[in-house]
Amino acid sequence: MTEEENRIAIQKMIETIKKTQQVAPVVHGPAVEEIDNAAKNVISAENMLLDRYKRNHTYLRISLGERCNLRCQYCMPPEGVPLQHSDKLLNSTEIMKLTRLFAASGVDKVRLTGGEPLLRSDIHEIIEQIAQIPTIQSVGITTNGITLSRQIQKLVDSGMTHANISLDTLDEQKFVDITRRKGLNKVLRAIDDSCALLPHRTKVNCVVMKNFNDMELCDFIMLSKYRPVDVRFIEWMPFNDNGWNAN
């Protein structure tokens, strides 16, 4: 979007806040239901988010934080990266205000990302509140899967509908090489557990890297032969400082 289009979109969001009376930082109680019902009623063509090609935007991604329990080579250095202070990150109240705002503008699908979103202690409460917005049809996460198995039942009970699990190799040593951590078996278990609770709503995201995992593509495809899972192959993001242009 151009700068002018961004300005117009922001102005529409401000107007939507006024229409839905969403100026108070309320996240519980009857007022929330009133706001959600108002938001549902004011969704119209003029409130919908559009890009320059007049396409409706119905998908919102929210980063819950910067922390991660892996150190993937294409993502960060082994010592990690400087982190923002917690007061610089969106708190749960701000996340809900934004989500309701975007829902009033036609968004019906929300995905929570990071960093690693499962490191956020209040993720279950955030998912539960987002799932309660009447117009939201999908609440998903993108995770590395390391801690997913021990949380997935509660996440699904809270309202999570989809899970994307990042995995770049099925070889244990390669997993250690690329993530600088152990944990392949935990991720594989997470895929199975997610398929059991979210059949056909679980995806595996694999970043394809030349001479590292491009010989494993058929093995990844075979994951979907006996599991209700989609496997997606993703481009390595072309940043010079992550080694993308080395070969």
# chains A, B, ... in the order shown; residues from 1 in each chain; ligands from 1

call {"tool": "select_by_dssp", "arguments": {"residues": "stretch 24-247 of chain A", "states": "strand (DSSP E)", "output": "PyMOL selection string"}}
result
chain A and resi 59-63+109-113+138-143+162-166+202-207+229-234

call {"tool": "closest_atom_pairs", "arguments": {"of": "stretch 136-178 of chain A", "to": "stretch 192-202 of chain A", "cutoff": "8 Å", "atoms": "only C-alpha atoms", "output": "Markdown table"}}
result
| residue | atom | partner | partner_atom | distance |
| --- | --- | --- | --- | --- |
| A:Ser149 | CA | A:Asp193 | CA | 6.3 |
| A:Ile152 | CA | A:Ser194 | CA | 7.1 |
| A:Gln153 | CA | A:Leu197 | CA | 7.7 |
| A:Val156 | CA | A:Leu197 | CA | 7.6 |
| A:Thr161 | CA | A:Leu198 | CA | 7.0 |
| A:His162 | CA | A:Arg201 | CA | 5.0 |
| A:Ala163 | CA | A:Thr202 | CA | 5.0 |
| A:Asn164 | CA | A:Thr202 | CA | 5.8 |
| A:Ile165 | CA | A:Thr202 | CA | 7.6 |

call {"tool": "closest_atom_pairs", "arguments": {"of": "stretch 74-95 of chain A", "to": "stretch 112-119 of chain A", "cutoff": "12 Å", "atoms": "only C-alpha atoms", "output": "CSV"}}
result
residue,atom,partner,partner_atom,distance
A:Cys75,CA,A:Gly115,CA,10.0
A:Met76,CA,A:Gly115,CA,10.7
A:Gly80,CA,A:Gly115,CA,11.2
A:Val81,CA,A:Gly115,CA,11.0
A:Leu83,CA,A:Gly115,CA,10.5
A:Gln84,CA,A:Gly115,CA,11.9
A:Leu89,CA,A:Gly114,CA,11.2
A:Leu90,CA,A:Gly114,CA,11.8
A:Ile95,CA,A:Leu112,CA,10.4

call {"tool": "write_last_selection", "arguments": {"atoms": "N, CA, C and O atoms", "output": "PDB file, in the first residue's frame"}}
result
ATOM      1  N   CYS A  75      17.693 -17.341  10.891  1.00  0.00           N
ATOM      2  CA  CYS A  75      16.827 -16.400  11.606  1.00  0.00           C
ATOM      3  C   CYS A  75      17.598 -15.498  12.567  1.00  0.00           C
ATOM      4  O   CYS A  75      17.324 -14.308  12.645  1.00  0.00           O
ATOM      5  N   MET A  76      18.553 -16.055  13.318  1.00  0.00           N
ATOM      6  CA  MET A  76      19.259 -15.244  14.303  1.00  0.00           C
ATOM      7  C   MET A  76      20.629 -15.847  14.616  1.00  0.00           C
ATOM      8  O   MET A  76      20.871 -17.032  14.374  1.00  0.00           O
ATOM      9  N   GLY A  80      21.558 -15.142  20.070  1.00  0.00           N
ATOM     10  CA  GLY A  80      20.260 -14.491  20.075  1.00  0.00           C
ATOM     11  C   GLY A  80      20.362 -13.043  19.618  1.00  0.00           C
ATOM     12  O   GLY A  80      21.390 -12.605  19.087  1.00  0.00           O
ATOM     13  N   VAL A  81      19.292 -12.290  19.796  1.00  0.00           N
ATOM     14  CA  VAL A  81      19.249 -10.884  19.390  1.00  0.00           C
ATOM     15  C   VAL A  81      18.773 -10.044  20.570  1.00  0.00           C
ATOM     16  O   VAL A  81      18.115 -10.551  21.483  1.00  0.00           O
ATOM     17  N   LEU A  83      16.498  -7.984  22.840  1.00  0.00           N
ATOM     18  CA  LEU A  83      15.048  -8.040  22.955  1.00  0.00           C
ATOM     19  C   LEU A  83      14.484  -6.727  23.475  1.00  0.00           C
ATOM     20  O   LEU A  83      15.107  -6.039  24.282  1.00  0.00           O
ATOM     21  N   GLN A  84      13.291  -6.387  22.992  1.00  0.00           N
ATOM     22  CA  GLN A  84      12.588  -5.217  23.494  1.00  0.00           C
ATOM     23  C   GLN A  84      12.160  -5.465  24.937  1.00  0.00           C
ATOM     24  O   GLN A  84      11.893  -6.598  25.347  1.00  0.00           O
ATOM     25  N   LEU A  89       6.081  -4.282  24.117  1.00  0.00           N
ATOM     26  CA  LEU A  89       5.314  -5.281  23.388  1.00  0.00           C
ATOM     27  C   LEU A  89       3.826  -5.094  23.660  1.00  0.00           C
ATOM     28  O   LEU A  89       3.427  -4.521  24.675  1.00  0.00           O
ATOM     29  N   LEU A  90       3.000  -5.595  22.746  1.00  0.00           N
ATOM     30  CA  LEU A  90       1.558  -5.521  22.934  1.00  0.00           C
ATOM     31  C   LEU A  90       1.140  -6.352  24.138  1.00  0.00           C
ATOM     32  O   LEU A  90       1.506  -7.525  24.247  1.00  0.00           O
ATOM     33  N   ILE A  95      -3.840  -6.207  22.410  1.00  0.00           N
ATOM     34  CA  ILE A  95      -4.076  -7.216  21.379  1.00  0.00           C
ATOM     35  C   ILE A  95      -5.565  -7.361  21.102  1.00  0.00           C
ATOM     36  O   ILE A  95      -5.999  -7.427  19.945  1.00  0.00           O
TER      37      ILE A  95
END

call {"tool": "atom_distance", "arguments": {"atom1": "atom CA of A:His57", "atom2": "atom CA of A:Arg232"}}
result
22.0 Å

call {"tool": "residues_around", "arguments": {"residues": "stretch 123-140 of chain A", "least_positions_apart": "2", "cutoff": "6 Å", "atoms": "only C-alpha atoms", "output": "CSV table (one decimal) with all heavy atoms, in the first residue's frame"}}
result
chain,number,residue,atom,x,y,z
A,108,ASP,N,-11.6,-12.0,9.5
A,108,ASP,CA,-12.2,-13.2,10.2
A,108,ASP,C,-11.2,-14.3,10.5
A,108,ASP,O,-11.6,-15.3,11.0
A,108,ASP,CB,-13.4,-13.7,9.4
A,108,ASP,CG,-13.0,-14.1,8.0
A,108,ASP,OD1,-11.8,-14.4,7.7
A,108,ASP,OD2,-13.8,-14.3,7.1
A,109,LYS,N,-9.9,-14.1,10.2
A,109,LYS,CA,-8.9,-15.1,10.5
A,109,LYS,C,-7.7,-14.4,11.2
A,109,LYS,O,-7.2,-13.4,10.7
A,109,LYS,CB,-8.5,-15.7,9.1
A,109,LYS,CG,-7.4,-16.7,9.3
A,109,LYS,CD,-7.0,-17.3,7.9
A,109,LYS,CE,-5.8,-18.3,8.0
A,109,LYS,NZ,-5.4,-18.8,6.7
A,110,VAL,N,-7.3,-15.0,12.3
A,110,VAL,CA,-6.2,-14.4,13.1
A,110,VAL,C,-5.2,-15.5,13.3
A,110,VAL,O,-5.5,-16.6,13.6
A,110,VAL,CB,-6.7,-13.9,14.4
A,110,VAL,CG1,-5.5,-13.4,15.3
A,110,VAL,CG2,-7.7,-12.8,14.3
A,111,ARG,N,-3.9,-15.1,13.1
A,111,ARG,CA,-2.8,-16.1,13.4
A,111,ARG,C,-1.9,-15.4,14.3
A,111,ARG,O,-1.4,-14.2,14.1
A,111,ARG,CB,-2.1,-16.4,12.1
A,111,ARG,CG,-0.9,-17.4,12.3
A,111,ARG,CD,-0.5,-18.1,11.1
A,111,ARG,NE,-1.6,-18.9,10.5
A,111,ARG,CZ,-1.9,-20.1,11.0
A,111,ARG,NH1,-1.2,-20.7,12.0
A,111,ARG,NH2,-2.8,-20.8,10.5
A,120,ARG,N,4.7,-17.3,25.4
A,120,ARG,CA,3.9,-16.2,26.0
A,120,ARG,C,3.0,-16.9,27.0
A,120,ARG,O,2.2,-17.8,26.7
A,120,ARG,CB,3.1,-15.5,24.9
A,120,ARG,CG,2.1,-14.5,25.5
A,120,ARG,CD,2.6,-13.1,25.2
A,120,ARG,NE,1.6,-12.1,25.6
A,120,ARG,CZ,1.5,-10.9,25.2
A,120,ARG,NH1,2.4,-10.4,24.3
A,120,ARG,NH2,0.6,-10.1,25.7
A,121,SER,N,3.1,-16.5,28.3
A,121,SER,CA,2.4,-17.2,29.4
A,121,SER,C,0.9,-17.0,29.3
A,121,SER,O,0.1,-17.9,29.8
A,121,SER,CB,2.9,-16.7,30.7
A,121,SER,OG,2.6,-15.3,30.9
A,155,LEU,N,-4.8,-25.4,24.4
A,155,LEU,CA,-5.0,-24.4,23.3
A,155,LEU,C,-6.2,-24.7,22.5
A,155,LEU,O,-7.0,-23.7,22.2
A,155,LEU,CB,-3.7,-24.5,22.4
A,155,LEU,CG,-2.4,-24.0,23.0
A,155,LEU,CD1,-1.2,-24.5,22.1
A,155,LEU,CD2,-2.4,-22.5,23.2
A,158,SER,N,-9.2,-23.8,24.4
A,158,SER,CA,-9.4,-22.3,24.5
A,158,SER,C,-10.0,-21.7,23.2
A,158,SER,O,-10.5,-20.6,23.2
A,158,SER,CB,-8.0,-21.6,24.8
A,158,SER,OG,-7.5,-22.1,26.0
A,159,GLY,N,-9.9,-22.5,22.1
A,159,GLY,CA,-10.5,-22.0,20.8
A,159,GLY,C,-9.5,-22.0,19.6
A,159,GLY,O,-9.9,-21.5,18.6
A,160,MET,N,-8.3,-22.5,19.8
A,160,MET,CA,-7.4,-22.6,18.6
A,160,MET,C,-8.0,-23.6,17.6
A,160,MET,O,-8.4,-24.7,17.9
A,160,MET,CB,-6.0,-23.1,19.1
A,160,MET,CG,-5.0,-23.1,18.0
A,160,MET,SD,-3.4,-23.6,18.5
A,160,MET,CE,-3.6,-25.4,18.6
A,161,THR,N,-8.0,-23.1,16.3
A,161,THR,CA,-8.6,-23.9,15.3
A,161,THR,C,-7.6,-24.4,14.3
A,161,THR,O,-7.9,-25.4,13.6
A,161,THR,CB,-9.6,-23.1,14.5
A,161,THR,OG1,-8.9,-21.9,13.9
A,161,THR,CG2,-10.7,-22.6,15.4
A,162,HIS,N,-6.4,-23.8,14.2
A,162,HIS,CA,-5.4,-24.3,13.2
A,162,HIS,C,-4.0,-24.2,13.9
A,162,HIS,O,-3.7,-23.3,14.8
A,162,HIS,CB,-5.4,-23.4,12.0
A,162,HIS,CG,-6.7,-23.5,11.2
A,162,HIS,ND1,-7.9,-22.9,11.6
A,162,HIS,CD2,-6.9,-24.2,10.0
A,162,HIS,CE1,-8.8,-23.2,10.7
A,162,HIS,NE2,-8.2,-23.9,9.7
A,163,ALA,N,-3.1,-25.0,13.4
A,163,ALA,CA,-1.7,-24.9,13.8
A,163,ALA,C,-0.7,-25.1,12.6
A,163,ALA,O,-0.9,-26.1,11.9
A,163,ALA,CB,-1.4,-26.0,14.9

call {"tool": "closest_residue", "arguments": {"among": "A:Lys203, A:Gly65, A:Asp51, A:Met215", "to": "A:Asp87", "atoms": "only C-alpha atoms"}}
result
A:Gly65

call {"tool": "closest_residue", "arguments": {"among": "A:Lys154, A:Arg181, A:Lys97, A:Lys186", "to": "A:Asp122", "atoms": "only C-alpha atoms"}}
result
A:Lys154

call {"tool": "residues_around", "arguments": {"residues": "A:Val231", "least_positions_apart": "4", "cutoff": "8 Å", "atoms": "only C-alpha atoms", "output": "PDB file with N, CA and C atoms, in the first residue's frame"}}
result
ATOM      1  N   LYS A 203      -0.599 -27.748   9.544  1.00  0.00           N
ATOM      2  CA  LYS A 203       0.316 -27.589   8.414  1.00  0.00           C
ATOM      3  C   LYS A 203       1.758 -27.654   8.913  1.00  0.00           C
ATOM      4  N   VAL A 204       2.623 -28.225   8.068  1.00  0.00           N
ATOM      5  CA  VAL A 204       4.057 -28.225   8.327  1.00  0.00           C
ATOM      6  C   VAL A 204       4.704 -27.269   7.336  1.00  0.00           C
ATOM      7  N   ASN A 205       5.436 -26.288   7.855  1.00  0.00           N
ATOM      8  CA  ASN A 205       6.141 -25.318   7.020  1.00  0.00           C
ATOM      9  C   ASN A 205       7.614 -25.684   6.962  1.00  0.00           C
ATOM     10  N   CYS A 206       8.128 -25.891   5.759  1.00  0.00           N
ATOM     11  CA  CYS A 206       9.528 -26.265   5.572  1.00  0.00           C
ATOM     12  C   CYS A 206      10.224 -25.235   4.702  1.00  0.00           C
ATOM     13  N   PHE A 220       9.374 -35.285   3.203  1.00  0.00           N
ATOM     14  CA  PHE A 220       8.391 -34.377   3.786  1.00  0.00           C
ATOM     15  C   PHE A 220       7.003 -34.626   3.190  1.00  0.00           C
ATOM     16  N   ILE A 221       6.951 -34.827   1.887  1.00  0.00           N
ATOM     17  CA  ILE A 221       5.662 -35.102   1.247  1.00  0.00           C
ATOM     18  C   ILE A 221       5.029 -36.357   1.829  1.00  0.00           C
ATOM     19  N   LEU A 223       5.036 -37.292   4.769  1.00  0.00           N
ATOM     20  CA  LEU A 223       4.390 -37.023   6.051  1.00  0.00           C
ATOM     21  C   LEU A 223       2.873 -36.961   5.894  1.00  0.00           C
ATOM     22  N   SER A 224       2.428 -36.524   4.732  1.00  0.00           N
ATOM     23  CA  SER A 224       0.997 -36.334   4.521  1.00  0.00           C
ATOM     24  C   SER A 224       0.299 -37.586   3.992  1.00  0.00           C
TER      25      SER A 224
END

call {"tool": "select_by_dssp", "arguments": {"residues": "stretch 20-179 of chain A", "states": "helix (DSSP H, G or I)", "output": "ChimeraX atom specification"}}
result
/A:30-42,86-88,92-103,117-119,123-131,152-158,172-179

call {"tool": "write_last_selection", "arguments": {"atoms": "C-alpha atoms", "output": "PDB file, in the first residue's frame"}}
result
ATOM      1  CA  PRO A  30     -21.094  -7.343  29.125  1.00  0.00           C
ATOM      2  CA  ALA A  31     -19.487  -4.313  27.472  1.00  0.00           C
ATOM      3  CA  VAL A  32     -17.302  -6.637  25.393  1.00  0.00           C
ATOM      4  CA  GLU A  33     -20.369  -8.451  24.028  1.00  0.00           C
ATOM      5  CA  GLU A  34     -22.004  -5.138  23.156  1.00  0.00           C
ATOM      6  CA  ILE A  35     -18.885  -3.993  21.312  1.00  0.00           C
ATOM      7  CA  ASP A  36     -18.577  -7.293  19.441  1.00  0.00           C
ATOM      8  CA  ASN A  37     -22.216  -7.182  18.378  1.00  0.00           C
ATOM      9  CA  ALA A  38     -21.811  -3.578  17.252  1.00  0.00           C
ATOM     10  CA  ALA A  39     -18.693  -4.487  15.308  1.00  0.00           C
ATOM     11  CA  LYS A  40     -20.573  -7.324  13.630  1.00  0.00           C
ATOM     12  CA  ASN A  41     -23.297  -4.928  12.545  1.00  0.00           C
ATOM     13  CA  VAL A  42     -21.047  -2.198  11.152  1.00  0.00           C
ATOM     14  CA  SER A  86       8.193  -6.117  27.855  1.00  0.00           C
ATOM     15  CA  ASP A  87       6.479  -2.728  28.081  1.00  0.00           C
ATOM     16  CA  LYS A  88       7.320  -2.198  24.396  1.00  0.00           C
ATOM     17  CA  SER A  92      -3.341  -8.645  26.097  1.00  0.00           C
ATOM     18  CA  THR A  93      -5.624  -5.619  26.350  1.00  0.00           C
ATOM     19  CA  GLU A  94      -3.962  -3.972  23.353  1.00  0.00           C
ATOM     20  CA  ILE A  95      -4.076  -7.216  21.379  1.00  0.00           C
ATOM     21  CA  MET A  96      -7.808  -7.519  21.956  1.00  0.00           C
ATOM     22  CA  LYS A  97      -8.483  -3.887  21.067  1.00  0.00           C
ATOM     23  CA  LEU A  98      -6.601  -4.329  17.797  1.00  0.00           C
ATOM     24  CA  THR A  99      -8.273  -7.629  17.009  1.00  0.00           C
ATOM     25  CA  ARG A 100     -11.758  -6.213  17.569  1.00  0.00           C
ATOM     26  CA  LEU A 101     -10.852  -3.230  15.440  1.00  0.00           C
ATOM     27  CA  PHE A 102      -9.697  -5.410  12.549  1.00  0.00           C
ATOM     28  CA  ALA A 103     -12.701  -7.715  13.010  1.00  0.00           C
ATOM     29  CA  PRO A 117       4.204 -17.645  20.555  1.00  0.00           C
ATOM     30  CA  LEU A 118       3.993 -20.571  22.997  1.00  0.00           C
ATOM     31  CA  LEU A 119       6.549 -18.827  25.222  1.00  0.00           C
ATOM     32  CA  ILE A 123      -1.476 -17.232  25.116  1.00  0.00           C
ATOM     33  CA  HIS A 124      -4.379 -19.440  26.224  1.00  0.00           C
ATOM     34  CA  GLU A 125      -6.315 -16.444  27.520  1.00  0.00           C
ATOM     35  CA  ILE A 126      -5.542 -14.452  24.368  1.00  0.00           C
ATOM     36  CA  ILE A 127      -6.795 -17.266  22.131  1.00  0.00           C
ATOM     37  CA  GLU A 128      -9.929 -17.684  24.237  1.00  0.00           C
ATOM     38  CA  GLN A 129     -10.797 -13.987  24.011  1.00  0.00           C
ATOM     39  CA  ILE A 130     -10.133 -13.804  20.260  1.00  0.00           C
ATOM     40  CA  ALA A 131     -12.240 -16.918  19.635  1.00  0.00           C
ATOM     41  CA  ILE A 152      -2.136 -28.345  22.646  1.00  0.00           C
ATOM     42  CA  GLN A 153      -5.155 -29.724  24.480  1.00  0.00           C
ATOM     43  CA  LYS A 154      -5.567 -26.510  26.460  1.00  0.00           C
ATOM     44  CA  LEU A 155      -4.972 -24.423  23.327  1.00  0.00           C
ATOM     45  CA  VAL A 156      -7.690 -26.271  21.431  1.00  0.00           C
ATOM     46  CA  ASP A 157     -10.034 -26.054  24.414  1.00  0.00           C
ATOM     47  CA  SER A 158      -9.387 -22.295  24.457  1.00  0.00           C
ATOM     48  CA  GLU A 172      18.217 -35.425  13.896  1.00  0.00           C
ATOM     49  CA  GLN A 173      21.761 -34.118  13.338  1.00  0.00           C
ATOM     50  CA  LYS A 174      20.621 -31.651  10.693  1.00  0.00           C
ATOM     51  CA  PHE A 175      17.961 -30.429  13.100  1.00  0.00           C
ATOM     52  CA  VAL A 176      20.671 -29.658  15.652  1.00  0.00           C
ATOM     53  CA  ASP A 177      22.781 -27.998  12.947  1.00  0.00           C
ATOM     54  CA  ILE A 178      20.043 -25.681  11.700  1.00  0.00           C
ATOM     55  CA  THR A 179      18.354 -24.852  15.026  1.00  0.00           C
TER      56      THR A 179
END
